[in-house]
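Participant: My structure file my_file-v7.pdb, PDB, C-alpha atoms, is below:
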```pdb
ATOM      1  CA  MET W   1      -3.166   8.774   5.173
ATOM      2  CA  LYS W   2      -5.573   8.158   2.317
ATOM      3  CA  LEU W   3      -4.826   5.416  -0.185
ATOM      4  CA  ALA W   4      -4.718   7.764  -3.186
ATOM      5  CA  SER W   5      -2.228  10.116  -1.529
ATOM      6  CA  VAL W   6       0.065   7.201  -0.651
ATOM      7  CA  PHE W   7       0.031   5.962  -4.233
ATOM      8  CA  LEU W   8       0.615   9.485  -5.532
ATOM      9  CA  LEU W   9       3.592   9.873  -3.215
ATOM     10  CA  TRP W  10       5.012   6.509  -4.280
ATOM     11  CA  PHE W  11       4.457   7.368  -7.939
ATOM     12  CA  ILE W  12       6.353  10.638  -7.506
ATOM     13  CA  VAL W  13       9.204   8.773  -5.802
ATOM     14  CA  PHE W  14       9.118   6.214  -8.626
ATOM     15  CA  ILE W  15       9.358   8.898 -11.327
ATOM     16  CA  ALA W  16      12.062  10.763  -9.373
ATOM     17  CA  SER W  17      14.132   7.575  -9.107
ATOM     18  CA  PHE W  18      13.778   7.025 -12.868
ATOM     19  CA  LEU W  19      14.926  10.572 -13.558
ATOM     20  CA  LEU W  20      17.833  10.161 -11.155
ATOM     21  CA  LEU W  21      18.880   6.907 -12.812
ATOM     22  CA  PHE W  22      18.660   8.536 -16.216
ATOM     23  CA  ALA W  23      20.721  11.540 -15.102
ATOM     24  CA  ILE W  24      23.426   9.325 -13.579
ATOM     25  CA  ASN W  25      23.576   7.113 -16.646
ATOM     26  CA  PHE W  26      23.586  10.116 -18.985
ATOM     27  CA  SER W  27      26.455  11.743 -17.096
ATOM     28  CA  MET W  28      28.430   8.492 -17.224
ATOM     29  CA  ALA W  29      27.873   8.186 -20.981
ATOM     30  CA  SER W  30      28.694  11.839 -21.641
ATOM     31  CA  SER W  31      31.932  11.593 -19.652
ATOM     32  CA  ARG W  32      32.922   8.600 -21.777
ATOM     33  CA  THR W  33      32.208  10.515 -24.984
ATOM     34  CA  GLN W  34      34.159  13.555 -23.770
ATOM     35  CA  GLU W  35      37.170  11.335 -23.275
ATOM     36  CA  LEU W  36      36.913  10.600 -26.964
ATOM     37  CA  SER W  37      36.927  14.270 -27.975
ATOM     38  CA  MET W  38      39.701  13.804 -30.504
ATOM     39  CA  VAL W  39      38.365  10.573 -31.900
ATOM     40  CA  HIS W  40      34.828  10.950 -33.118
ATOM     41  CA  ASP W  41      34.130   7.497 -34.373
ATOM     42  CA  ARG W  42      30.477   6.823 -35.208
ATOM     43  CA  LEU W  43      30.789   3.124 -34.399
ATOM     44  CA  LEU W  44      32.264   3.845 -30.971
ATOM     45  CA  THR W  45      29.527   6.405 -30.224
ATOM     46  CA  ASN W  46      26.867   3.862 -31.178
ATOM     47  CA  ALA W  47      28.495   1.276 -28.905
ATOM     48  CA  ILE W  48      28.407   3.732 -26.006
ATOM     49  CA  LEU W  49      24.743   4.492 -26.678
ATOM     50  CA  VAL W  50      23.900   0.785 -26.803
ATOM     51  CA  ASP W  51      25.739   0.289 -23.525
ATOM     52  CA  GLN W  52      23.823   3.213 -22.010
ATOM     53  CA  THR W  53      20.520   1.739 -23.204
ATOM     54  CA  LYS W  54      21.347  -1.643 -21.654
ATOM     55  CA  ASN W  55      22.246   0.009 -18.356
ATOM     56  CA  LEU W  56      19.055   2.077 -18.361
ATOM     57  CA  ALA W  57      16.935  -0.984 -19.110
ATOM     58  CA  PHE W  58      18.562  -2.872 -16.232
ATOM     59  CA  TYR W  59      18.229  -0.011 -13.739
ATOM     60  CA  TYR W  60      14.666   0.790 -14.801
ATOM     61  CA  GLY W  61      13.767  -2.877 -14.527
ATOM     62  CA  ILE W  62      15.139  -3.094 -10.983
ATOM     63  CA  ALA W  63      13.438   0.175  -9.976
ATOM     64  CA  SER W  64      10.126  -1.008 -11.460
ATOM     65  CA  LEU W  65      10.380  -4.329  -9.676
ATOM     66  CA  VAL W  66      11.073  -2.640  -6.332
ATOM     67  CA  TYR W  67       8.196  -0.208  -6.890
ATOM     68  CA  PHE W  68       5.706  -2.947  -7.715
ATOM     69  CA  VAL W  69       6.821  -5.072  -4.760
ATOM     70  CA  LEU W  70       6.301  -2.075  -2.460
ATOM     71  CA  VAL W  71       2.862  -1.422  -3.944
ATOM     72  CA  TRP W  72       1.937  -5.097  -3.552
ATOM     73  CA  ILE W  73       3.048  -5.135   0.099
ATOM     74  CA  TYR W  74       1.133  -1.928   0.807
ATOM     75  CA  MET W  75      -2.004  -3.301  -0.856
ATOM     76  CA  LEU W  76      -1.698  -6.475   1.211
ATOM     77  CA  VAL W  77      -1.447  -4.471   4.438
ATOM     78  CA  TYR W  78      -4.221  -2.097   3.376
ATOM     79  CA  SER W  79      -6.553  -4.955   2.423
ATOM     80  CA  HIS W  80      -6.029  -6.446   5.889
ATOM     81  CA  ARG W  81      -6.990  -3.085   7.376
ATOM     82  CA  LEU W  82     -10.277  -3.341   5.477
ATOM     83  CA  THR W  83     -11.076  -7.023   5.791
ATOM     84  CA  GLY W  84      -9.828  -7.492   9.366
ATOM     85  CA  PRO W  85     -12.604  -5.451  11.004
ATOM     86  CA  VAL W  86     -15.289  -7.054   8.821
ATOM     87  CA  PHE W  87     -14.020 -10.531   9.706
ATOM     88  CA  LYS W  88     -13.787  -9.639  13.403
ATOM     89  CA  LEU W  89     -17.328  -8.224  13.494
ATOM     90  CA  THR W  90     -18.747 -11.209  11.592
ATOM     91  CA  HIS W  91     -16.963 -13.683  13.862
ATOM     92  CA  HIS W  92     -18.102 -11.738  16.938
ATOM     93  CA  LEU W  93     -21.742 -11.763  15.804
ATOM     94  CA  ASP W  94     -21.635 -15.463  14.882
ATOM     95  CA  ARG W  95     -20.341 -16.401  18.345
ATOM     96  CA  ALA W  96     -23.007 -14.294  20.054
ATOM     97  CA  THR W  97     -25.760 -15.720  17.843
ATOM     98  CA  LYS W  98     -24.722 -19.322  18.460
ATOM     99  CA  ALA W  99     -24.491 -18.719  22.216
ATOM    100  CA  GLY W 100     -27.860 -16.942  22.236
ATOM    101  CA  GLU W 101     -26.634 -13.977  24.191
ATOM    102  CA  ILE W 102     -26.061 -10.280  23.668
ATOM    103  CA  PRO W 103     -22.708  -9.677  21.967
ATOM    104  CA  LYS W 104     -19.963  -7.910  23.838
ATOM    105  CA  PRO W 105     -18.630  -4.544  22.652
ATOM    106  CA  ILE W 106     -16.005  -4.740  19.958
ATOM    107  CA  LYS W 107     -12.743  -2.831  19.483
ATOM    108  CA  PHE W 108     -10.702  -2.546  16.308
ATOM    109  CA  ARG W 109      -6.992  -1.845  15.974
ATOM    110  CA  LYS W 110      -5.980   1.804  15.583
ATOM    111  CA  SER W 111      -4.850   1.227  12.007
ATOM    112  CA  ASP W 112      -8.068  -0.547  10.981
ATOM    113  CA  ALA W 113     -10.844   1.011   8.969
ATOM    114  CA  PHE W 114     -14.517   1.209   9.957
ATOM    115  CA  HIS W 115     -14.097   2.623  13.476
ATOM    116  CA  GLU W 116     -17.500   4.281  13.057
ATOM    117  CA  LEU W 117     -18.989   0.819  12.528
ATOM    118  CA  ALA W 118     -17.467  -0.391  15.800
ATOM    119  CA  GLU W 119     -18.844   2.651  17.632
ATOM    120  CA  SER W 120     -22.317   2.076  16.174
ATOM    121  CA  PHE W 121     -22.166  -1.609  17.041
ATOM    122  CA  ASN W 122     -21.084  -0.845  20.607
ATOM    123  CA  HIS W 123     -23.925   1.668  20.945
ATOM    124  CA  PHE W 124     -26.305  -1.025  19.684
ATOM    125  CA  VAL W 125     -24.962  -3.491  22.283
ATOM    126  CA  VAL W 126     -25.475  -0.933  25.076
ATOM    127  CA  MET W 127     -29.053  -0.363  23.913
ATOM    128  CA  LEU W 128     -29.700  -4.128  23.854
ATOM    129  CA  GLU W 129     -28.301  -4.484  27.377
ATOM    130  CA  LYS W 130     -30.632  -1.718  28.595
ATOM    131  CA  GLU W 131     -33.653  -3.331  26.936
ATOM    132  CA  ARG W 132     -32.943  -6.905  27.975
ATOM    133  CA  PRO W 133     -33.852  -6.622  31.701
ATOM    134  CA  THR W 134     -37.152  -4.870  30.895
ATOM    135  CA  SER W 135     -38.173  -7.404  28.268
ATOM    136  CA  SER W 136     -37.455 -10.393  30.554
ATOM    137  CA  LYS W 137     -39.939  -9.247  33.225
ATOM    138  CA  PRO W 138     -43.223 -11.255  33.306
ATOM    139  CA  LYS W 139     -46.347  -9.385  32.268
TER     140      LYS W 139
END
```
Would you mind writing the structure in this file as structure tokens?
Facilitator:
Amino acid sequence: MKLASVFLLWFIVFIASFLLLFAINFSMASSRTQELSMVHDRLLTNAILVDQTKNLAFYYGIASLVYFVLVWIYMLVYSHRLTGPVFKLTHHLDRATKAGEIPKPIKFRKSDAFHELAESFNHFVVMLEKERPTSSKPK
């Protein structure tokens, strides 16, 4: 799944959870005001609204924190999917260069990015292996 579509999905879930929290809190506050149908005290109504605002701030804060933690974890995993193959290829080439030999084919994890790079590198290794015996013959 593409990164943008994952973030869009998470954003929609985030907004839906905010709307759900608001609807639940609104229904709780409206049920409390309906209980006071005979007594319509402005001070009591303001107290209920302040209480509702505090609850919404708490619930929205928790939902925001959970959302941002999930985004941070996903970005951490996704960055490893990008940097892991680059690190593996660099390390692989460094070992082959220091040993003075043709590198061995490389394979990335299924979830990693840059599979085309691994295929191109493996094709390059095969071509080097084909050329090596012909170039080592004396002229």
Participant: Rounded to one decimal, what separation in Å do you get between atom CA of Ser120 of chain W and atom CA of Ser5 of chain W?
Facilitator: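 Computing the Euclidean distance for atom CA of Ser120 of chain W and atom CA of Ser5 of chain W yields 28.0 Å.
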Participant: Please compute the atom CA of Gly61 of chain W-atom CA of Ile73 of chain W distance, one decimal, in Å.
Facilitator: 18.3 Å
Participant: Interatomic distance between atom CA of Val86 of chain W and atom CA of Phe114 of chain W?
Facilitator: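 That distance, rounded to one decimal, is 8.4 Å.
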Participant: List as a PyMOL selection string the protein and nucleic acid residues near segment 66-72 of chain W, meaning an atom at most 9 Å away when all atoms listed in the file are counted, but skip any in the same chain fewer than 4 places from it.
Facilitator: chain W and resi 7+10-11+14+61-62+76-77
Participant: Tell me, as a list of chain:residue names, which residues lie within 9 Å of Phe18 of chain W, counting all atoms listed in the file; anything in the same chain fewer than 5 positions away does not count.
Facilitator: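 Here the answer would be W:Val13, W:Ala23, W:Tyr59, W:Tyr60, W:Ala63, W:Ser64.
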Participant: Looking at only C-alpha atoms, which of W:Asp112, W:Ile24, W:Ala29, W:Tyr74 is the one that sits closest to Leu44 of chain W?
Facilitator: W:Ala29
Participant: Starting from the displayed file, determine the output of the PyMOL selection byres ((chain W and resi 106) around 9) and express the residue list as a PyMOL selection string.
Facilitator: chain W and resi 88-89+92+103-105+107-108+118-119+121-122
Participant: Please determine, counting only C-alpha atoms, which residue among W:Ser17, W:Thr90, W:Thr45, W:Ser79 has the shortest atom-to-atom distance to Ser30 of chain W.
Facilitator: W:Thr45
Participant: Have a look at W:Ala113, W:Met75, W:Leu65, W:Ile102 and name the one nearest to Val126 of chain W; count all atoms listed in the file.
Facilitator: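 Result for the nearest residue to Val126 of chain W: W:Ile102.
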Participant: Segment 89-107 of chain W, all listed atoms, 5 Å padding on each side: what axis-aligned box centre and edge lengths in Å to one decimal come out, as AutoDock Vina command-line options?
Facilitator:
```
--center_x -20.3 --center_y -11.1 --center_z 17.9 --size_x 25.1 --size_y 26.5 --size_z 22.6
```
Participant: What does segment 15-139 of chain W look like written to a file with C-alpha atoms, as a PDB file, in the first residue's frame?
Facilitator:
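result-v8.pdb, freshly written:
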```pdb
ATOM      1  CA  ILE W  15     -11.527  12.330  12.008  1.00  0.00           C
ATOM      2  CA  ALA W  16     -14.171   9.601  12.427  1.00  0.00           C
ATOM      3  CA  SER W  17     -12.994   8.945  15.991  1.00  0.00           C
ATOM      4  CA  PHE W  18     -13.198  12.680  16.753  1.00  0.00           C
ATOM      5  CA  LEU W  19     -16.733  12.828  15.389  1.00  0.00           C
ATOM      6  CA  LEU W  20     -17.689   9.737  17.371  1.00  0.00           C
ATOM      7  CA  LEU W  21     -16.257  11.212  20.565  1.00  0.00           C
ATOM      8  CA  PHE W  22     -18.106  14.449  19.932  1.00  0.00           C
ATOM      9  CA  ALA W  23     -21.396  12.643  19.279  1.00  0.00           C
ATOM     10  CA  ILE W  24     -21.065  10.551  22.450  1.00  0.00           C
ATOM     11  CA  ASN W  25     -20.177  13.570  24.550  1.00  0.00           C
ATOM     12  CA  PHE W  26     -22.964  15.647  22.998  1.00  0.00           C
ATOM     13  CA  SER W  27     -25.545  12.948  23.704  1.00  0.00           C
ATOM     14  CA  MET W  28     -24.349  12.698  27.310  1.00  0.00           C
ATOM     15  CA  ALA W  29     -24.611  16.473  27.762  1.00  0.00           C
ATOM     16  CA  SER W  30     -28.017  16.678  26.084  1.00  0.00           C
ATOM     17  CA  SER W  31     -29.394  13.883  28.272  1.00  0.00           C
ATOM     18  CA  ARG W  32     -28.228  15.808  31.336  1.00  0.00           C
ATOM     19  CA  THR W  33     -29.942  18.978  30.119  1.00  0.00           C
ATOM     20  CA  GLN W  34     -33.168  17.105  29.343  1.00  0.00           C
ATOM     21  CA  GLU W  35     -33.252  15.913  32.923  1.00  0.00           C
ATOM     22  CA  LEU W  36     -33.362  19.562  33.864  1.00  0.00           C
ATOM     23  CA  SER W  37     -36.358  20.327  31.644  1.00  0.00           C
ATOM     24  CA  MET W  38     -38.289  22.006  34.430  1.00  0.00           C
ATOM     25  CA  VAL W  39     -35.340  23.893  35.814  1.00  0.00           C
ATOM     26  CA  HIS W  40     -33.704  26.025  33.184  1.00  0.00           C
ATOM     27  CA  ASP W  41     -30.952  27.612  35.158  1.00  0.00           C
ATOM     28  CA  ARG W  42     -28.367  29.465  33.065  1.00  0.00           C
ATOM     29  CA  LEU W  43     -25.596  28.806  35.579  1.00  0.00           C
ATOM     30  CA  LEU W  44     -26.289  25.068  35.587  1.00  0.00           C
ATOM     31  CA  THR W  45     -26.354  24.973  31.767  1.00  0.00           C
ATOM     32  CA  ASN W  46     -23.004  26.768  31.651  1.00  0.00           C
ATOM     33  CA  ALA W  47     -21.561  24.277  34.143  1.00  0.00           C
ATOM     34  CA  ILE W  48     -22.708  21.387  31.958  1.00  0.00           C
ATOM     35  CA  LEU W  49     -21.161  23.010  28.888  1.00  0.00           C
ATOM     36  CA  VAL W  50     -17.876  23.567  30.723  1.00  0.00           C
ATOM     37  CA  ASP W  51     -17.912  19.938  31.822  1.00  0.00           C
ATOM     38  CA  GLN W  52     -18.588  18.859  28.232  1.00  0.00           C
ATOM     39  CA  THR W  53     -15.698  21.004  26.984  1.00  0.00           C
ATOM     40  CA  LYS W  54     -13.320  19.472  29.538  1.00  0.00           C
ATOM     41  CA  ASN W  55     -14.386  15.970  28.534  1.00  0.00           C
ATOM     42  CA  LEU W  56     -13.967  16.749  24.837  1.00  0.00           C
ATOM     43  CA  ALA W  57     -10.516  18.225  25.420  1.00  0.00           C
ATOM     44  CA  PHE W  58      -9.462  15.115  27.347  1.00  0.00           C
ATOM     45  CA  TYR W  59     -10.854  12.661  24.788  1.00  0.00           C
ATOM     46  CA  TYR W  60      -9.486  14.628  21.834  1.00  0.00           C
ATOM     47  CA  GLY W  61      -6.107  14.816  23.532  1.00  0.00           C
ATOM     48  CA  ILE W  62      -6.005  11.047  24.059  1.00  0.00           C
ATOM     49  CA  ALA W  63      -7.187  10.376  20.489  1.00  0.00           C
ATOM     50  CA  SER W  64      -4.576  12.786  19.095  1.00  0.00           C
ATOM     51  CA  LEU W  65      -1.836  11.186  21.146  1.00  0.00           C
ATOM     52  CA  VAL W  66      -2.792   7.694  19.959  1.00  0.00           C
ATOM     53  CA  TYR W  67      -2.964   8.897  16.350  1.00  0.00           C
ATOM     54  CA  PHE W  68       0.457  10.531  16.464  1.00  0.00           C
ATOM     55  CA  VAL W  69       2.024   7.503  18.158  1.00  0.00           C
ATOM     56  CA  LEU W  70       0.601   5.278  15.406  1.00  0.00           C
ATOM     57  CA  VAL W  71       1.910   7.622  12.714  1.00  0.00           C
ATOM     58  CA  TRP W  72       5.337   7.705  14.377  1.00  0.00           C
ATOM     59  CA  ILE W  73       5.490   3.897  14.577  1.00  0.00           C
ATOM     60  CA  TYR W  74       4.420   3.576  10.942  1.00  0.00           C
ATOM     61  CA  MET W  75       7.027   6.119   9.833  1.00  0.00           C
ATOM     62  CA  LEU W  76       9.687   4.225  11.777  1.00  0.00           C
ATOM     63  CA  VAL W  77       8.741   0.951  10.079  1.00  0.00           C
ATOM     64  CA  TYR W  78       8.436   2.611   6.673  1.00  0.00           C
ATOM     65  CA  SER W  79      11.820   4.331   7.003  1.00  0.00           C
ATOM     66  CA  HIS W  80      13.390   0.943   7.757  1.00  0.00           C
ATOM     67  CA  ARG W  81      11.787  -0.399   4.586  1.00  0.00           C
ATOM     68  CA  LEU W  82      13.592   2.351   2.674  1.00  0.00           C
ATOM     69  CA  THR W  83      16.929   2.473   4.448  1.00  0.00           C
ATOM     70  CA  GLY W  84      17.306  -1.276   5.045  1.00  0.00           C
ATOM     71  CA  PRO W  85      17.854  -2.186   1.381  1.00  0.00           C
ATOM     72  CA  VAL W  86      20.237   0.742   0.844  1.00  0.00           C
ATOM     73  CA  PHE W  87      22.265  -0.269   3.901  1.00  0.00           C
ATOM     74  CA  LYS W  88      22.273  -3.928   2.838  1.00  0.00           C
ATOM     75  CA  LEU W  89      23.422  -3.108  -0.706  1.00  0.00           C
ATOM     76  CA  THR W  90      26.124  -0.725   0.545  1.00  0.00           C
ATOM     77  CA  HIS W  91      27.387  -3.263   3.079  1.00  0.00           C
ATOM     78  CA  HIS W  92      27.314  -6.002   0.427  1.00  0.00           C
ATOM     79  CA  LEU W  93      29.335  -3.901  -2.029  1.00  0.00           C
ATOM     80  CA  ASP W  94      31.849  -2.843   0.638  1.00  0.00           C
ATOM     81  CA  ARG W  95      32.524  -6.473   1.596  1.00  0.00           C
ATOM     82  CA  ALA W  96      32.971  -7.485  -2.044  1.00  0.00           C
ATOM     83  CA  THR W  97      35.257  -4.522  -2.741  1.00  0.00           C
ATOM     84  CA  LYS W  98      37.463  -5.204   0.276  1.00  0.00           C
ATOM     85  CA  ALA W  99      37.702  -8.903  -0.610  1.00  0.00           C
ATOM     86  CA  GLY W 100      38.456  -8.082  -4.252  1.00  0.00           C
ATOM     87  CA  GLU W 101      35.900 -10.460  -5.641  1.00  0.00           C
ATOM     88  CA  ILE W 102      32.646 -10.321  -7.554  1.00  0.00           C
ATOM     89  CA  PRO W 103      29.736  -9.655  -5.189  1.00  0.00           C
ATOM     90  CA  LYS W 104      27.122 -12.311  -4.662  1.00  0.00           C
ATOM     91  CA  PRO W 105      23.499 -11.728  -5.684  1.00  0.00           C
ATOM     92  CA  ILE W 106      21.420  -9.865  -3.155  1.00  0.00           C
ATOM     93  CA  LYS W 107      17.856 -10.422  -1.930  1.00  0.00           C
ATOM     94  CA  PHE W 108      15.670  -7.961  -0.061  1.00  0.00           C
ATOM     95  CA  ARG W 109      12.769  -8.712   2.261  1.00  0.00           C
ATOM     96  CA  LYS W 110       9.309  -8.818   0.679  1.00  0.00           C
ATOM     97  CA  SER W 111       8.246  -5.672   2.514  1.00  0.00           C
ATOM     98  CA  ASP W 112      11.347  -3.695   1.497  1.00  0.00           C
ATOM     99  CA  ALA W 113      11.445  -1.078  -1.210  1.00  0.00           C
ATOM    100  CA  PHE W 114      13.793  -1.015  -4.209  1.00  0.00           C
ATOM    101  CA  HIS W 115      13.251  -4.583  -5.446  1.00  0.00           C
ATOM    102  CA  GLU W 116      14.018  -3.325  -8.959  1.00  0.00           C
ATOM    103  CA  LEU W 117      17.429  -2.214  -7.688  1.00  0.00           C
ATOM    104  CA  ALA W 118      18.126  -5.709  -6.351  1.00  0.00           C
ATOM    105  CA  GLU W 119      17.097  -7.248  -9.679  1.00  0.00           C
ATOM    106  CA  SER W 120      19.356  -4.852 -11.596  1.00  0.00           C
ATOM    107  CA  PHE W 121      22.230  -5.525  -9.219  1.00  0.00           C
ATOM    108  CA  ASN W 122      21.779  -9.287  -9.552  1.00  0.00           C
ATOM    109  CA  HIS W 123      21.722  -8.958 -13.346  1.00  0.00           C
ATOM    110  CA  PHE W 124      24.943  -6.939 -13.105  1.00  0.00           C
ATOM    111  CA  VAL W 125      26.546  -9.670 -10.958  1.00  0.00           C
ATOM    112  CA  VAL W 126      25.561 -12.345 -13.502  1.00  0.00           C
ATOM    113  CA  MET W 127      27.089 -10.265 -16.299  1.00  0.00           C
ATOM    114  CA  LEU W 128      30.311  -9.823 -14.292  1.00  0.00           C
ATOM    115  CA  GLU W 129      30.497 -13.571 -13.652  1.00  0.00           C
ATOM    116  CA  LYS W 130      30.131 -14.242 -17.391  1.00  0.00           C
ATOM    117  CA  GLU W 131      32.846 -11.722 -18.259  1.00  0.00           C
ATOM    118  CA  ARG W 132      35.328 -12.720 -15.575  1.00  0.00           C
ATOM    119  CA  PRO W 133      36.508 -16.056 -17.083  1.00  0.00           C
ATOM    120  CA  THR W 134      37.054 -14.460 -20.512  1.00  0.00           C
ATOM    121  CA  SER W 135      39.008 -11.518 -19.138  1.00  0.00           C
ATOM    122  CA  SER W 136      41.323 -13.746 -17.052  1.00  0.00           C
ATOM    123  CA  LYS W 137      42.594 -15.679 -20.096  1.00  0.00           C
ATOM    124  CA  PRO W 138      46.158 -14.733 -21.204  1.00  0.00           C
ATOM    125  CA  LYS W 139      46.455 -12.971 -24.541  1.00  0.00           C
TER     126      LYS W 139
END
```
